[in-house]
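Chemist: Just passing along the structure, written as structure tokens.
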Amino acid sequence: MSDAFDDLLAANEKYAATFSHSGLSGQAGRGLAVVTCMDSRVDPLGLLGLQAGDAKILRNAGARVTDDVLRTLVLAVYLLGVHRVLVMPHTDCRMSKSTDADVHEVIAAEHGVDTRSLDFKTVPDQAEALRHDMVRIKASPYLPDTLAVGGAVYDVRTGRLQPVEL
């Protein structure tokens with residue numbers, strides 16, 4: 001591994017010296033899956049009062065329920081003890097400030113890379129995208145009708161959740 005990761009390997013040595021999670025199973029201890037954004041300001045365990053082993057955390061740009069998120073939720077529900085899902089985008093998200101066309105244009109202009117074959121799933125209306133994604137989970141033929149699905153927007157300025165109803 002290159003020198004670019006030396007800081008991470010050193011931090012891991014410290015972490016491993018006091019590691020205490022070896023007894024955890026792969027099950028979601030609190031029966032929860034959280035679909036959230038990859039934004040580094042979002043600490044899903046901390047902001048929800050969870051600990052390691054409590055929940056399955058699924059992250060991507062914009063906290064979107066993609067085909068891969070649905071695939072992962074099917075596994076989490078049937079194999080890993082999940083019986084409730086929280087979809088949790090956040091305020092000040094880069095994906096809510098642009099259209100896909102804008103993102104393609106910026107990347108092409110600034111980096112010379114043509115990304116037009118990718119769908120970035122930008123979200124001009126965050127509440128509407130959140131409702132759409134919640135419905136997508138509820139409507140999936142692969143997930144049980146009993147699966148509890150909720151949505152909330154995490155405010156990166158206050159640390160508070162703003163629930164969004166279907």
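Residues are named by chain letter and number: chains run A, B, ... in the order of the structure tokens, numbers start at 1 in each chain, and ligands are numbered from 1 in the order shown.
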Leaving out Ala127 in chain A and any residue of its chain fewer than 4 positions from it, which residues lie within 12 Å of it when counting only C-alpha atoms, given as a list in words?

Modeler: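 Non-adjacent residues within range: Gly62, Ala63, Arg64, Val87, Met88, Pro89, His90, Thr91, Ser96, Val123, Arg131, His132, Asp133, Met134, Gly151, Ala152, Val153, Tyr154, Gln162, Pro163, Val164, Glu165 and Leu166 of chain A.
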
Chemist: Write to file, as a PDB file, in the first residue's frame, the residues of the selection just made, with N, CA, C and O atoms.

Modeler:
```
ATOM      1  N   GLY A  62     -26.061  11.650  -2.058  1.00  0.00           N
ATOM      2  CA  GLY A  62     -27.454  12.073  -2.038  1.00  0.00           C
ATOM      3  C   GLY A  62     -28.402  11.199  -1.254  1.00  0.00           C
ATOM      4  O   GLY A  62     -29.587  11.471  -1.195  1.00  0.00           O
ATOM      5  N   ALA A  63     -27.909  10.114  -0.662  1.00  0.00           N
ATOM      6  CA  ALA A  63     -28.759   9.185   0.108  1.00  0.00           C
ATOM      7  C   ALA A  63     -29.906   8.649  -0.734  1.00  0.00           C
ATOM      8  O   ALA A  63     -31.040   8.548  -0.279  1.00  0.00           O
ATOM      9  N   ARG A  64     -29.625   8.257  -1.952  1.00  0.00           N
ATOM     10  CA  ARG A  64     -30.660   7.797  -2.871  1.00  0.00           C
ATOM     11  C   ARG A  64     -30.870   6.288  -2.770  1.00  0.00           C
ATOM     12  O   ARG A  64     -29.940   5.519  -2.533  1.00  0.00           O
ATOM     13  N   VAL A  87     -34.515   6.475   5.752  1.00  0.00           N
ATOM     14  CA  VAL A  87     -33.831   7.132   4.642  1.00  0.00           C
ATOM     15  C   VAL A  87     -33.533   8.551   5.121  1.00  0.00           C
ATOM     16  O   VAL A  87     -34.444   9.283   5.523  1.00  0.00           O
ATOM     17  N   MET A  88     -32.246   8.932   5.099  1.00  0.00           N
ATOM     18  CA  MET A  88     -31.830  10.159   5.765  1.00  0.00           C
ATOM     19  C   MET A  88     -30.846  10.994   4.933  1.00  0.00           C
ATOM     20  O   MET A  88     -29.635  10.945   5.120  1.00  0.00           O
ATOM     21  N   PRO A  89     -31.364  11.795   3.988  1.00  0.00           N
ATOM     22  CA  PRO A  89     -30.497  12.761   3.320  1.00  0.00           C
ATOM     23  C   PRO A  89     -30.187  13.909   4.293  1.00  0.00           C
ATOM     24  O   PRO A  89     -30.634  13.879   5.446  1.00  0.00           O
ATOM     25  N   HIS A  90     -29.460  14.909   3.845  1.00  0.00           N
ATOM     26  CA  HIS A  90     -29.079  16.006   4.747  1.00  0.00           C
ATOM     27  C   HIS A  90     -29.137  17.355   4.045  1.00  0.00           C
ATOM     28  O   HIS A  90     -29.127  17.439   2.811  1.00  0.00           O
ATOM     29  N   THR A  91     -29.171  18.404   4.833  1.00  0.00           N
ATOM     30  CA  THR A  91     -29.148  19.755   4.298  1.00  0.00           C
ATOM     31  C   THR A  91     -27.757  20.051   3.732  1.00  0.00           C
ATOM     32  O   THR A  91     -26.789  19.368   4.039  1.00  0.00           O
ATOM     33  N   SER A  96     -28.127  18.232  -3.961  1.00  0.00           N
ATOM     34  CA  SER A  96     -29.377  19.000  -3.993  1.00  0.00           C
ATOM     35  C   SER A  96     -29.166  20.411  -4.527  1.00  0.00           C
ATOM     36  O   SER A  96     -30.105  21.199  -4.587  1.00  0.00           O
ATOM     37  N   VAL A 123     -30.809  15.869  -6.753  1.00  0.00           N
ATOM     38  CA  VAL A 123     -32.129  16.021  -6.112  1.00  0.00           C
ATOM     39  C   VAL A 123     -32.508  17.495  -5.962  1.00  0.00           C
ATOM     40  O   VAL A 123     -32.353  18.069  -4.899  1.00  0.00           O
ATOM     41  N   ARG A 131     -39.408  11.332  -0.489  1.00  0.00           N
ATOM     42  CA  ARG A 131     -40.694  10.608  -0.560  1.00  0.00           C
ATOM     43  C   ARG A 131     -40.651   9.540  -1.656  1.00  0.00           C
ATOM     44  O   ARG A 131     -41.121   8.422  -1.457  1.00  0.00           O
ATOM     45  N   HIS A 132     -40.091   9.893  -2.798  1.00  0.00           N
ATOM     46  CA  HIS A 132     -39.972   8.936  -3.909  1.00  0.00           C
ATOM     47  C   HIS A 132     -39.182   7.701  -3.465  1.00  0.00           C
ATOM     48  O   HIS A 132     -39.574   6.563  -3.740  1.00  0.00           O
ATOM     49  N   ASP A 133     -38.078   7.931  -2.779  1.00  0.00           N
ATOM     50  CA  ASP A 133     -37.240   6.819  -2.358  1.00  0.00           C
ATOM     51  C   ASP A 133     -37.921   5.965  -1.290  1.00  0.00           C
ATOM     52  O   ASP A 133     -37.777   4.741  -1.273  1.00  0.00           O
ATOM     53  N   MET A 134     -38.684   6.598  -0.402  1.00  0.00           N
ATOM     54  CA  MET A 134     -39.424   5.833   0.605  1.00  0.00           C
ATOM     55  C   MET A 134     -40.478   4.957  -0.076  1.00  0.00           C
ATOM     56  O   MET A 134     -40.629   3.779   0.270  1.00  0.00           O
ATOM     57  N   GLY A 151     -38.539   8.509   6.896  1.00  0.00           N
ATOM     58  CA  GLY A 151     -37.621   9.434   6.263  1.00  0.00           C
ATOM     59  C   GLY A 151     -37.451  10.696   7.082  1.00  0.00           C
ATOM     60  O   GLY A 151     -38.398  11.159   7.720  1.00  0.00           O
ATOM     61  N   ALA A 152     -36.245  11.238   7.067  1.00  0.00           N
ATOM     62  CA  ALA A 152     -35.956  12.481   7.758  1.00  0.00           C
ATOM     63  C   ALA A 152     -34.740  13.128   7.116  1.00  0.00           C
ATOM     64  O   ALA A 152     -33.835  12.432   6.654  1.00  0.00           O
ATOM     65  N   VAL A 153     -34.736  14.448   7.108  1.00  0.00           N
ATOM     66  CA  VAL A 153     -33.589  15.196   6.599  1.00  0.00           C
ATOM     67  C   VAL A 153     -32.752  15.609   7.802  1.00  0.00           C
ATOM     68  O   VAL A 153     -33.259  16.217   8.747  1.00  0.00           O
ATOM     69  N   TYR A 154     -31.475  15.291   7.766  1.00  0.00           N
ATOM     70  CA  TYR A 154     -30.550  15.664   8.828  1.00  0.00           C
ATOM     71  C   TYR A 154     -30.016  17.063   8.540  1.00  0.00           C
ATOM     72  O   TYR A 154     -29.510  17.329   7.452  1.00  0.00           O
ATOM     73  N   GLN A 162     -35.272  16.324  10.681  1.00  0.00           N
ATOM     74  CA  GLN A 162     -36.556  16.893  10.290  1.00  0.00           C
ATOM     75  C   GLN A 162     -37.343  15.784   9.591  1.00  0.00           C
ATOM     76  O   GLN A 162     -37.091  15.474   8.429  1.00  0.00           O
ATOM     77  N   PRO A 163     -38.308  15.135  10.305  1.00  0.00           N
ATOM     78  CA  PRO A 163     -39.066  14.040   9.693  1.00  0.00           C
ATOM     79  C   PRO A 163     -39.837  14.503   8.450  1.00  0.00           C
ATOM     80  O   PRO A 163     -40.318  15.637   8.391  1.00  0.00           O
ATOM     81  N   VAL A 164     -39.914  13.618   7.478  1.00  0.00           N
ATOM     82  CA  VAL A 164     -40.687  13.860   6.247  1.00  0.00           C
ATOM     83  C   VAL A 164     -41.663  12.714   6.110  1.00  0.00           C
ATOM     84  O   VAL A 164     -41.275  11.549   6.103  1.00  0.00           O
ATOM     85  N   GLU A 165     -42.935  13.039   6.029  1.00  0.00           N
ATOM     86  CA  GLU A 165     -43.998  12.030   5.897  1.00  0.00           C
ATOM     87  C   GLU A 165     -44.243  11.702   4.441  1.00  0.00           C
ATOM     88  O   GLU A 165     -44.055  12.541   3.568  1.00  0.00           O
ATOM     89  N   LEU A 166     -44.717  10.492   4.188  1.00  0.00           N
ATOM     90  CA  LEU A 166     -45.102  10.099   2.822  1.00  0.00           C
ATOM     91  C   LEU A 166     -46.331  10.851   2.383  1.00  0.00           C
ATOM     92  O   LEU A 166     -47.167  11.229   3.093  1.00  0.00           O
TER      93      LEU A 166
END
```

Chemist: With only C-alpha atoms as the counted atoms, please give the residues lying no more than 9 Å from Glu105 in chain A, apart from itself and same-chain residues fewer than 4 positions off, as a list of chain:residue names.

Modeler: A:Asp100, A:Ala101, A:Ala109, A:Glu110, A:Asp114, A:Thr115, A:Arg116

Chemist: Mind checking DSSP for range 33-107 of chain A and telling me the strand (DSSP E) residues as number ranges by chain?

Modeler: A: 33-37, 55-60, 84-88

Chemist: Any idea what's packed within 12 Å of Asp145 in chain A, counting only C-alpha atoms, ignoring anything in its chain fewer than 3 positions away? Could you give it as a ChimeraX atom specification?

Modeler: /A:77,83-84,135,137-142,148-149

Chemist: So which bits of range 10-118 of chain A end up alpha helix (DSSP H) when you DSSP the backbone, as number ranges by chain?

Modeler: A: 10-17, 44-47, 67-79, 100-111

Chemist: Show which residues sit within 12 Å of Leu75 in chain A, as a list in words. Count only C-alpha atoms, and ignore same-chain residues fewer than 5 positions away.

Modeler: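 Listed by chain and then number, they are Gly26, Gln27, Ala28, Ala33, Lys56, Asp68, Val69, Leu70, Leu80, Gly81, Val82, His83, Tyr142 and Leu143 of chain A.
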
Chemist: Suppose you want the space between CA of Cys93 in chain A and CA of Gln126 in chain A; what is it in Å?

Modeler: 9.3 Å

Chemist: Quick one: pull the distance between CA of Asp155 in chain A and CA of Thr122 in chain A, Å, one decimal.

Modeler: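 Distance reported for this atom pair: 18.2 Å.
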
Chemist: Could you tell me how far CA of Ala129 in chain A lies from CA of Leu79 in chain A, in Å and to one decimal?

Modeler: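 Separating CA of Ala129 in chain A from CA of Leu79 in chain A is a distance of 27.8 Å.
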
Chemist: Of the candidates A:Ala61, A:Val113, A:Leu118, A:Ala108, which shows the shortest atom-to-atom distance to Arg94 in chain A, using only C-alpha atoms?

Modeler: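 Using only C-alpha atoms, Arg94 in chain A sits closest to A:Ala61.
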